[in-house]
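Below: one structure, written as structure tokens.
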Amino acid sequence: RARILHGPLGSHLDTYVASLCKEGYSAVVVRCYIRGIDVFGTWLSKRELRVTDVDEAIVTRFCGELGRRNVPSGTRRRLPDMVHGVRGFVAFLWAQGVARRCSTGQPPTEADKWLRYFNEYLGHERGVSLGTRRTYLRYAHAFVEARFGTATLDWSIVSADDVADFVCTQSGRLKPSSCRAPVTAMRALLRFLASSGAVRLGLDRAVPTVRPCAQAEVLRINSPADARFHVRCATQN
């Protein structure tokens with residue numbers, strides 16, 4: 001912990017971890033994210049890079065190198081979660097204005113434009129609070145990364161299975177009482193995209209329904225998408 005706190009990312013770690021805990025991420029997932037951020041901070045230090053230098057190009061380079069590292073098999077199984085944690089942390093830094101996703105002089109990507117439009121839609125048309133917008137934008141950014149990666153952004157090819165798979169993965173990282181966060185975020189994103197003509201109307205119905213209970217997670221199956229979602233969660237876990 002001392003190493004990461006004294007590294008280039010240390011001053012922002014506690015705030016990010018607090019936001020994860022507030023959103024209901026499990027302790028196991030949070031620790032895995034912290035390990036990824038620790039590796040990222042060490043990687044930045046060796047290259048004499050500052051937190052303000054962290055843009056999309058640097059994150060992509062780090063993730064590519066991380067996948068090629070010779071690491072123990074146990075750690076290798078956690079690499080996807082570590083990468084997700086780093087990307088989530090960097091998205092948090094960008095949202096806080098600590099760093100910029102695009103380097104100075106570099107034109108914004110198509111994803112940057114859509115995320116900006118989504119943020120404006122949430123704030124101006126829906127009256128969503130700043131904190132909730134940050135949460136929704138983090139999930140929107142994660143969905144873009146998961147579905148398209150470095151490929152060209154094309155909302156028209158997003159399918160119901162893409163949506164269900166993403167929500168299943170994200171909900172699996174959360175405590176049962178917090179599983180609705182990715183559900184509400186994805187519904188908001190898909191309704192915005194539908195209103196913009198980017199995806200077909202009704203695609204938001206592909207988002208599975210998760211209802212938390214005080215004693216256990218109570219699941220409702222209202223559609224084939226819900227059934228596929230719960231089957232995937234059971235087989236993945």
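Ligands are numbered from 1 in the order shown, chains are lettered A, B, ... in the order of the structure tokens, and residues start at 1 in each chain.
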| task | Identify, with DSSP run on backbone atoms, the residues in range 56-135 of chain A assigned to helix (DSSP H, G or I), and express the list as a VMD selection string. | result | chain A and resid 56 to 68 73 to 77 79 to 96 110 to 125 130 to 135
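Taking only C-alpha atoms, the non-local environment of Glu56 in chain A within 9 Å (same-chain residues fewer than 3 positions away omitted) comprises Val59, Thr60, Arg61, Val90, Arg100, Arg101, Cys102 and Ser103 of chain A.
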Got time to write the residues from that selection, N, CA and C atoms, as an mmCIF file, in the first residue's frame?
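Wrote it out as selection.cif, contents follow:
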```cif
data_model
loop_
_atom_site.group_PDB
_atom_site.id
_atom_site.type_symbol
_atom_site.label_atom_id
_atom_site.label_comp_id
_atom_site.auth_asym_id
_atom_site.auth_seq_id
_atom_site.Cartn_x
_atom_site.Cartn_y
_atom_site.Cartn_z
ATOM 1 N N VAL A 59 -2.927 4.190 -21.952
ATOM 2 C CA VAL A 59 -3.667 3.068 -21.362
ATOM 3 C C VAL A 59 -3.659 1.866 -22.298
ATOM 4 N N THR A 60 -3.873 2.102 -23.592
ATOM 5 C CA THR A 60 -3.866 1.014 -24.569
ATOM 6 C C THR A 60 -2.502 0.343 -24.617
ATOM 7 N N ARG A 61 -1.450 1.142 -24.561
ATOM 8 C CA ARG A 61 -0.090 0.593 -24.574
ATOM 9 C C ARG A 61 0.154 -0.261 -23.334
ATOM 10 N N VAL A 90 -8.819 4.994 -14.713
ATOM 11 C CA VAL A 90 -8.431 6.052 -15.652
ATOM 12 C C VAL A 90 -9.650 6.847 -16.103
ATOM 13 N N ARG A 100 -6.525 13.931 -19.380
ATOM 14 C CA ARG A 100 -7.389 14.032 -20.552
ATOM 15 C C ARG A 100 -7.287 12.754 -21.367
ATOM 16 N N ARG A 101 -8.449 12.269 -21.812
ATOM 17 C CA ARG A 101 -8.439 11.049 -22.609
ATOM 18 C C ARG A 101 -7.685 11.248 -23.923
ATOM 19 N N CYS A 102 -7.835 12.421 -24.515
ATOM 20 C CA CYS A 102 -7.144 12.720 -25.764
ATOM 21 C C CYS A 102 -6.010 13.686 -25.478
ATOM 22 N N SER A 103 -4.850 13.418 -26.025
ATOM 23 C CA SER A 103 -3.722 14.329 -25.871
ATOM 24 C C SER A 103 -4.036 15.662 -26.534
#
```
| request: Write down as a ChimeraX atom specification the residues belonging to range 82-234 of chain A that are assigned strand (DSSP E or B) by DSSP computed on the backbone. | output: /A:174,210-212,217-219
Written selection (N, CA and C atoms) as a PDB file, in the first residue's frame:
```
ATOM      1  N   LEU A 174     -20.374  -7.034  -8.376  1.00  0.00           N
ATOM      2  CA  LEU A 174     -20.994  -6.217  -7.335  1.00  0.00           C
ATOM      3  C   LEU A 174     -21.643  -7.066  -6.262  1.00  0.00           C
ATOM      4  N   VAL A 210     -32.887  -7.137 -12.390  1.00  0.00           N
ATOM      5  CA  VAL A 210     -32.324  -7.667 -11.147  1.00  0.00           C
ATOM      6  C   VAL A 210     -32.956  -6.926  -9.993  1.00  0.00           C
ATOM      7  N   ARG A 211     -33.580  -7.669  -9.096  1.00  0.00           N
ATOM      8  CA  ARG A 211     -34.219  -7.054  -7.928  1.00  0.00           C
ATOM      9  C   ARG A 211     -33.558  -7.569  -6.666  1.00  0.00           C
ATOM     10  N   PRO A 212     -32.823  -6.692  -5.953  1.00  0.00           N
ATOM     11  CA  PRO A 212     -32.187  -7.135  -4.711  1.00  0.00           C
ATOM     12  C   PRO A 212     -33.194  -7.277  -3.576  1.00  0.00           C
ATOM     13  N   GLU A 217     -30.610 -12.146  -3.282  1.00  0.00           N
ATOM     14  CA  GLU A 217     -30.927 -11.515  -4.547  1.00  0.00           C
ATOM     15  C   GLU A 217     -32.107 -12.243  -5.183  1.00  0.00           C
ATOM     16  N   VAL A 218     -33.193 -11.540  -5.409  1.00  0.00           N
ATOM     17  CA  VAL A 218     -34.385 -12.119  -6.012  1.00  0.00           C
ATOM     18  C   VAL A 218     -34.408 -11.712  -7.475  1.00  0.00           C
ATOM     19  N   LEU A 219     -34.490 -12.706  -8.353  1.00  0.00           N
ATOM     20  CA  LEU A 219     -34.403 -12.453  -9.779  1.00  0.00           C
ATOM     21  C   LEU A 219     -35.762 -12.651 -10.442  1.00  0.00           C
TER      22      LEU A 219
END
```
| request: Considering only C-alpha atoms, state which residue in the set A:Leu66, A:Ala164, A:Leu115, A:Ile4 is at the smallest distance from Asp204 in chain A. | output: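 Distance minimum relative to Asp204 in chain A lands on A:Ala164.
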| message | Quick one: residues within 12 Å of Ser196 in chain A, only C-alpha atoms, excluding same-chain residues fewer than 4 positions away - as a list of chain:residue names? | response | A:Trp114, A:Tyr117, A:Phe118, A:Tyr121, A:Trp155, A:Ser156, A:Leu189, A:Leu190, A:Arg191, A:Phe192, A:Arg200, A:Leu201
| query | What's the 12 Å shell around Ser19 in chain A, counting only C-alpha atoms, without same-chain residues fewer than 3 positions away, as a PyMOL selection string? | reply | chain A and resi 12-16+22-25+30+88-89+92+131-132+134-135+138
Please identify all polymer residues within 10 Å of Ala27 in chain A, counting only C-alpha atoms, omitting same-chain residues fewer than 4 positions from it, and present them as a CSV table (one decimal) with all heavy atoms, in the first residue's frame.
```
chain,number,residue,atom,x,y,z
A,20,LEU,N,-15.9,3.1,-5.5
A,20,LEU,CA,-16.3,1.7,-5.8
A,20,LEU,C,-17.1,1.1,-4.6
A,20,LEU,O,-18.1,0.4,-4.9
A,20,LEU,CB,-15.0,0.9,-6.0
A,20,LEU,CG,-14.1,1.2,-7.2
A,20,LEU,CD1,-12.9,0.3,-7.2
A,20,LEU,CD2,-14.9,1.0,-8.5
A,21,CYS,N,-16.6,1.3,-3.4
A,21,CYS,CA,-17.4,0.8,-2.3
A,21,CYS,C,-18.8,1.4,-2.2
A,21,CYS,O,-19.7,0.7,-1.8
A,21,CYS,CB,-16.6,1.1,-1.0
A,21,CYS,SG,-15.0,0.3,-0.9
A,31,ARG,N,-10.0,-5.3,-4.3
A,31,ARG,CA,-8.6,-5.7,-4.1
A,31,ARG,C,-7.9,-6.0,-5.5
A,31,ARG,O,-6.7,-5.6,-5.7
A,31,ARG,CB,-8.4,-6.8,-3.2
A,31,ARG,CG,-8.7,-6.4,-1.7
A,31,ARG,CD,-8.2,-7.5,-0.8
A,31,ARG,NE,-9.0,-8.8,-0.9
A,31,ARG,CZ,-10.1,-9.0,-0.2
A,31,ARG,NH1,-10.5,-8.1,0.8
A,31,ARG,NH2,-10.7,-10.1,-0.3
A,32,CYS,N,-8.6,-6.7,-6.4
A,32,CYS,CA,-8.1,-7.0,-7.7
A,32,CYS,C,-7.8,-5.7,-8.5
A,32,CYS,O,-6.8,-5.6,-9.1
A,32,CYS,CB,-9.0,-7.9,-8.4
A,32,CYS,SG,-8.4,-8.5,-10.0
A,33,TYR,N,-8.8,-4.8,-8.4
A,33,TYR,CA,-8.6,-3.5,-9.1
A,33,TYR,C,-7.4,-2.8,-8.6
A,33,TYR,O,-6.6,-2.2,-9.3
A,33,TYR,CB,-9.9,-2.7,-8.9
A,33,TYR,CG,-11.0,-3.1,-9.8
A,33,TYR,CD1,-11.0,-4.2,-10.6
A,33,TYR,CD2,-12.2,-2.3,-9.8
A,33,TYR,CE1,-12.1,-4.6,-11.3
A,33,TYR,CE2,-13.3,-2.7,-10.6
A,33,TYR,CZ,-13.2,-3.8,-11.3
A,33,TYR,OH,-14.3,-4.2,-12.1
A,173,ARG,N,-19.6,-8.5,-10.5
A,173,ARG,CA,-18.5,-7.9,-9.7
A,173,ARG,C,-19.1,-7.1,-8.5
A,173,ARG,O,-18.3,-6.6,-7.7
A,173,ARG,CB,-17.7,-6.9,-10.6
A,173,ARG,CG,-17.0,-7.5,-11.8
A,173,ARG,CD,-16.1,-6.5,-12.5
A,173,ARG,NE,-15.3,-7.2,-13.5
A,173,ARG,CZ,-15.4,-7.0,-14.8
A,173,ARG,NH1,-16.3,-6.2,-15.3
A,173,ARG,NH2,-14.6,-7.7,-15.6
A,174,LEU,N,-20.4,-7.0,-8.4
A,174,LEU,CA,-21.0,-6.2,-7.3
A,174,LEU,C,-21.6,-7.1,-6.3
A,174,LEU,O,-22.0,-8.2,-6.5
A,174,LEU,CB,-22.0,-5.3,-8.0
A,174,LEU,CG,-21.6,-4.3,-9.0
A,174,LEU,CD1,-22.8,-3.6,-9.7
A,174,LEU,CD2,-20.6,-3.3,-8.4
A,175,LYS,N,-21.8,-6.4,-5.1
A,175,LYS,CA,-22.6,-7.1,-4.1
A,175,LYS,C,-24.1,-7.2,-4.5
A,175,LYS,O,-24.5,-6.3,-5.3
A,175,LYS,CB,-22.6,-6.3,-2.8
A,175,LYS,CG,-21.1,-6.1,-2.2
A,175,LYS,CD,-21.1,-5.2,-1.0
A,175,LYS,CE,-19.7,-5.0,-0.5
A,175,LYS,NZ,-19.7,-4.0,0.6
```
| A:Asp165, A:Glu65, A:Asp38, A:Glu145: which is nearest Val86 in chain A, counting only C-alpha atoms? |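 Ranking A:Asp165, A:Glu65, A:Asp38, A:Glu145 by distance to Val86 in chain A, first place goes to A:Asp38.
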| So what do you get for CA of Ile34 in chain A versus CA of Ala91 in chain A, distance-wise? | 14.7 Å
| message | Can you tell me which residues surround Tyr136 in chain A at a distance of at most 10 Å, considering only C-alpha atoms, apart from same-chain residues fewer than 3 positions away, and format the answer as a VMD selection string? | response | chain A and resid 115 118 to 119 122 128 130 to 133 139 to 142 181 to 189
Write the residues of the preceding selection, restricted to N, CA and C atoms, as a PDB file, in the first residue's frame.
```pdb
ATOM      1  N   LEU A 115     -20.013   9.851 -25.818  1.00  0.00           N
ATOM      2  CA  LEU A 115     -20.062   9.936 -24.360  1.00  0.00           C
ATOM      3  C   LEU A 115     -20.344  11.369 -23.906  1.00  0.00           C
ATOM      4  N   PHE A 118     -23.994  11.892 -24.458  1.00  0.00           N
ATOM      5  CA  PHE A 118     -24.739  11.170 -23.425  1.00  0.00           C
ATOM      6  C   PHE A 118     -24.733  11.947 -22.122  1.00  0.00           C
ATOM      7  N   ASN A 119     -23.590  12.507 -21.768  1.00  0.00           N
ATOM      8  CA  ASN A 119     -23.479  13.301 -20.548  1.00  0.00           C
ATOM      9  C   ASN A 119     -24.386  14.528 -20.616  1.00  0.00           C
ATOM     10  N   LEU A 122     -28.037  13.431 -20.216  1.00  0.00           N
ATOM     11  CA  LEU A 122     -28.369  13.115 -18.823  1.00  0.00           C
ATOM     12  C   LEU A 122     -28.546  14.382 -17.995  1.00  0.00           C
ATOM     13  N   VAL A 128     -30.199  14.502 -14.416  1.00  0.00           N
ATOM     14  CA  VAL A 128     -29.495  13.524 -13.579  1.00  0.00           C
ATOM     15  C   VAL A 128     -28.361  14.220 -12.821  1.00  0.00           C
ATOM     16  N   LEU A 130     -24.782  14.969 -10.844  1.00  0.00           N
ATOM     17  CA  LEU A 130     -23.417  14.795 -11.299  1.00  0.00           C
ATOM     18  C   LEU A 130     -22.859  13.430 -10.903  1.00  0.00           C
ATOM     19  N   GLY A 131     -23.092  13.020  -9.658  1.00  0.00           N
ATOM     20  CA  GLY A 131     -22.579  11.738  -9.196  1.00  0.00           C
ATOM     21  C   GLY A 131     -23.142  10.566  -9.990  1.00  0.00           C
ATOM     22  N   THR A 132     -24.445  10.613 -10.256  1.00  0.00           N
ATOM     23  CA  THR A 132     -25.076   9.542 -11.037  1.00  0.00           C
ATOM     24  C   THR A 132     -24.592   9.559 -12.477  1.00  0.00           C
ATOM     25  N   ARG A 133     -24.380  10.748 -13.025  1.00  0.00           N
ATOM     26  CA  ARG A 133     -23.865  10.840 -14.395  1.00  0.00           C
ATOM     27  C   ARG A 133     -22.493  10.196 -14.491  1.00  0.00           C
ATOM     28  N   TYR A 139     -19.971   3.213 -16.799  1.00  0.00           N
ATOM     29  CA  TYR A 139     -20.486   1.979 -17.393  1.00  0.00           C
ATOM     30  C   TYR A 139     -20.597   2.107 -18.911  1.00  0.00           C
ATOM     31  N   ALA A 140     -20.962   3.291 -19.392  1.00  0.00           N
ATOM     32  CA  ALA A 140     -21.041   3.488 -20.843  1.00  0.00           C
ATOM     33  C   ALA A 140     -19.669   3.321 -21.478  1.00  0.00           C
ATOM     34  N   HIS A 141     -18.659   3.900 -20.843  1.00  0.00           N
ATOM     35  CA  HIS A 141     -17.291   3.765 -21.354  1.00  0.00           C
ATOM     36  C   HIS A 141     -16.847   2.311 -21.319  1.00  0.00           C
ATOM     37  N   ALA A 142     -17.177   1.609 -20.238  1.00  0.00           N
ATOM     38  CA  ALA A 142     -16.801   0.196 -20.125  1.00  0.00           C
ATOM     39  C   ALA A 142     -17.489  -0.638 -21.199  1.00  0.00           C
ATOM     40  N   ALA A 181     -26.983  -1.141 -10.394  1.00  0.00           N
ATOM     41  CA  ALA A 181     -26.263   0.003 -10.966  1.00  0.00           C
ATOM     42  C   ALA A 181     -25.993  -0.175 -12.462  1.00  0.00           C
ATOM     43  N   PRO A 182     -25.405  -1.287 -12.911  1.00  0.00           N
ATOM     44  CA  PRO A 182     -25.200  -1.441 -14.354  1.00  0.00           C
ATOM     45  C   PRO A 182     -26.497  -1.574 -15.122  1.00  0.00           C
ATOM     46  N   VAL A 183     -27.543  -2.077 -14.471  1.00  0.00           N
ATOM     47  CA  VAL A 183     -28.850  -2.209 -15.130  1.00  0.00           C
ATOM     48  C   VAL A 183     -29.413  -0.838 -15.479  1.00  0.00           C
ATOM     49  N   THR A 184     -29.456   0.048 -14.491  1.00  0.00           N
ATOM     50  CA  THR A 184     -30.020   1.380 -14.736  1.00  0.00           C
ATOM     51  C   THR A 184     -29.136   2.195 -15.676  1.00  0.00           C
ATOM     52  N   ALA A 185     -27.818   2.029 -15.559  1.00  0.00           N
ATOM     53  CA  ALA A 185     -26.899   2.761 -16.427  1.00  0.00           C
ATOM     54  C   ALA A 185     -27.072   2.347 -17.883  1.00  0.00           C
ATOM     55  N   MET A 186     -27.183   1.040 -18.135  1.00  0.00           N
ATOM     56  CA  MET A 186     -27.327   0.563 -19.509  1.00  0.00           C
ATOM     57  C   MET A 186     -28.686   0.927 -20.086  1.00  0.00           C
ATOM     58  N   ARG A 187     -29.715   0.898 -19.274  1.00  0.00           N
ATOM     59  CA  ARG A 187     -31.026   1.314 -19.777  1.00  0.00           C
ATOM     60  C   ARG A 187     -30.997   2.782 -20.186  1.00  0.00           C
ATOM     61  N   ALA A 188     -30.351   3.605 -19.379  1.00  0.00           N
ATOM     62  CA  ALA A 188     -30.261   5.024 -19.713  1.00  0.00           C
ATOM     63  C   ALA A 188     -29.483   5.226 -21.005  1.00  0.00           C
ATOM     64  N   LEU A 189     -28.372   4.503 -21.153  1.00  0.00           N
ATOM     65  CA  LEU A 189     -27.556   4.631 -22.367  1.00  0.00           C
ATOM     66  C   LEU A 189     -28.332   4.195 -23.600  1.00  0.00           C
TER      67      LEU A 189
END
```
